[in-house]
Amino acid sequence: MTSFILKRLLAVIPVFFVVSITVFLVIHLVPGDPIDNLMRAGSSPALREQIAAKYGLDKGLFEQYVIWMGRVLTLDFGTSIIQSRPVSALIAQNLPDSLILGGFAFLFSTLAGISAGVVAAKYYGSRIDSGITTGILLGSTIPSFWLGLLLILVFAVWLGWVPVSGARGWSSLILPVIATGLGGVALVARVTKVSMIEIGRQDFVMLLRAKGVSESRIRISHVLRHAMVPVISILGLRIGWILGGAITVEVVFARPGLGSLLIRALNQRDYPLVQGCLLMLAMAVILGTILGDVAQAAMDPRQREAAK
């Protein structure tokens with residue numbers, strides 16, 4: 001198992017550098033300049049050159065990337081050009097809010113998705129299965145930002161049950177969690193349903209039935225346990241994607257977090273801050289994938305053997 005984990009971690013290294021290059025180039029190729037947000041009307045070209053030299057923007061892209069990556073490897077993400085604060089401090093200040101939202105959204109999508117998948121598999125081919133499948137399809141196609149606006153309209157504006165926006169208490173988390181996690185519910189439910197149906201048709205399940213084991217025990221103790229192998233892999237991917245999906249939801253609900261921080265930095269073309277936020281989100285996806293692979297290998301020895 002140790003060698004399996006080490007191989008997965010070593011595989012991250014080239015992926016990390018590819019992601020870092022992509023993040024660096026994307027933000028530098030976007031039209032606009034952070035210096036424009038620092039200069040007043042009528043400022044001289046000499047002042048512009050002075051500011052560019054101060055933040056290293058007068059160097060070539062390759063040299064800028066090497067300097068930035070050298071700092072990143074020492075966990076120094078640079079200094080925000082607009083806010084004049086360390087990027088790591090700004091990320092650390094906003095990350096807990098995103099983690100709270102993402103954590104509850106992940107828990108919601110996991111529990112609701114597995115439950116819906118189990119029920120759909122149990123009543124496969126019935127109206128209950130059709131209703132859940134229809135709900136799954138709708139949930140996977142509705143954009144989170146549109147769903148967020150709809151939830152605000154119905155439950156905050158019309159009914160007045162929860163706050164419209166902000167982060168005032170636990171009640172303000174309900175709608176953002178639903179908007180962020182509903183797409184995951186659809187994905188997890190679909191994978192759980194298909195996996196349980198496939199496992200339920202295998203020979204060892206028929207043998208358990210022949211031995212007189214109750215259907216509920218077979219479904220929960222045996223079929224569901226084996227069906228969790230592909231589901232765990234999907235959940236690993238969801239760890240990173242939920243943080244990324246929370247960006248638009250945070251903006252819609254005016255919540256603090258990495259999403260709001262990233263959007264402000266993009267509008268201001270704050271290169272170091274945008275690069276730091278995007279790199280954090282990308283690494284969350286990568287680490288989530290690794291966690292999913294490790295958990296899947298721990299549950300299924302065949303995965304470890306295949307990786308040798």
# chains A, B, ... in the order shown; residues from 1 in each chain; ligands from 1
>>> residues_around(residues="A:Ala282", least_positions_apart="3", cutoff="8 Å", atoms="only C-alpha atoms", output="VMD selection string")
chain A and resid 19 240 278 to 279 285 to 286
>>> select_by_dssp(residues="stretch 166-202 of chain A", states="alpha helix (DSSP H)", output="list in words")
Ile174, Leu175, Pro176, Val177, Ile178, Ala179, Thr180, Gly181, Leu182, Gly183, Gly184, Val185, Ala186, Leu187, Val188, Ala189, Arg190, Val191, Thr192, Lys193, Val194, Ser195, Met196, Ile197, Glu198, Ile199 and Gly200 of chain A
>>> closest_atom_pairs(of="stretch 104-178 of chain A", to="stretch 225-232 of chain A", cutoff="10 Å", atoms="only C-alpha atoms", output="JSON lines")
{"residue": "A:Thr110", "atom": "CA", "partner": "A:Val231", "partner_atom": "CA", "distance": 9.3}
{"residue": "A:Gly113", "atom": "CA", "partner": "A:Val231", "partner_atom": "CA", "distance": 9.9}
{"residue": "A:Ile114", "atom": "CA", "partner": "A:Val231", "partner_atom": "CA", "distance": 8.5}
{"residue": "A:Val118", "atom": "CA", "partner": "A:Ala227", "partner_atom": "CA", "distance": 9.9}
>>> atom_distance(atom1="atom CA of A:Lys54", atom2="atom CA of A:Pro31")
20.7 Å
>>> closest_residue(among="A:Leu266, A:Val12, A:Leu47, A:Val164", to="A:Ile81", atoms="only C-alpha atoms")
A:Leu266
>>> atom_distance(atom1="atom CA of A:Thr79", atom2="atom CA of A:Ala284")
21.6 Å
>>> residues_around(residues="stretch 91-106 of chain A", least_positions_apart="6", cutoff="8 Å", atoms="only C-alpha atoms", output="list in words")
Leu173, Pro176, Val177, Ile178, Thr180, Gly181, Gly184, Arg238, Ile239, Ile242, Leu243, Ala246, Pro256, Gly257, Leu258, Gly259, Leu261, Gly276 and Cys277 of chain A
>>> closest_atom_pairs(of="stretch 199-253 of chain A", to="stretch 151-160 of chain A", cutoff="12 Å", atoms="only C-alpha atoms", output="JSON lines")
{"residue": "A:Val249", "atom": "CA", "partner": "A:Ile152", "partner_atom": "CA", "distance": 11.3}
{"residue": "A:Val252", "atom": "CA", "partner": "A:Ile152", "partner_atom": "CA", "distance": 9.2}
{"residue": "A:Phe253", "atom": "CA", "partner": "A:Ile152", "partner_atom": "CA", "distance": 8.3}
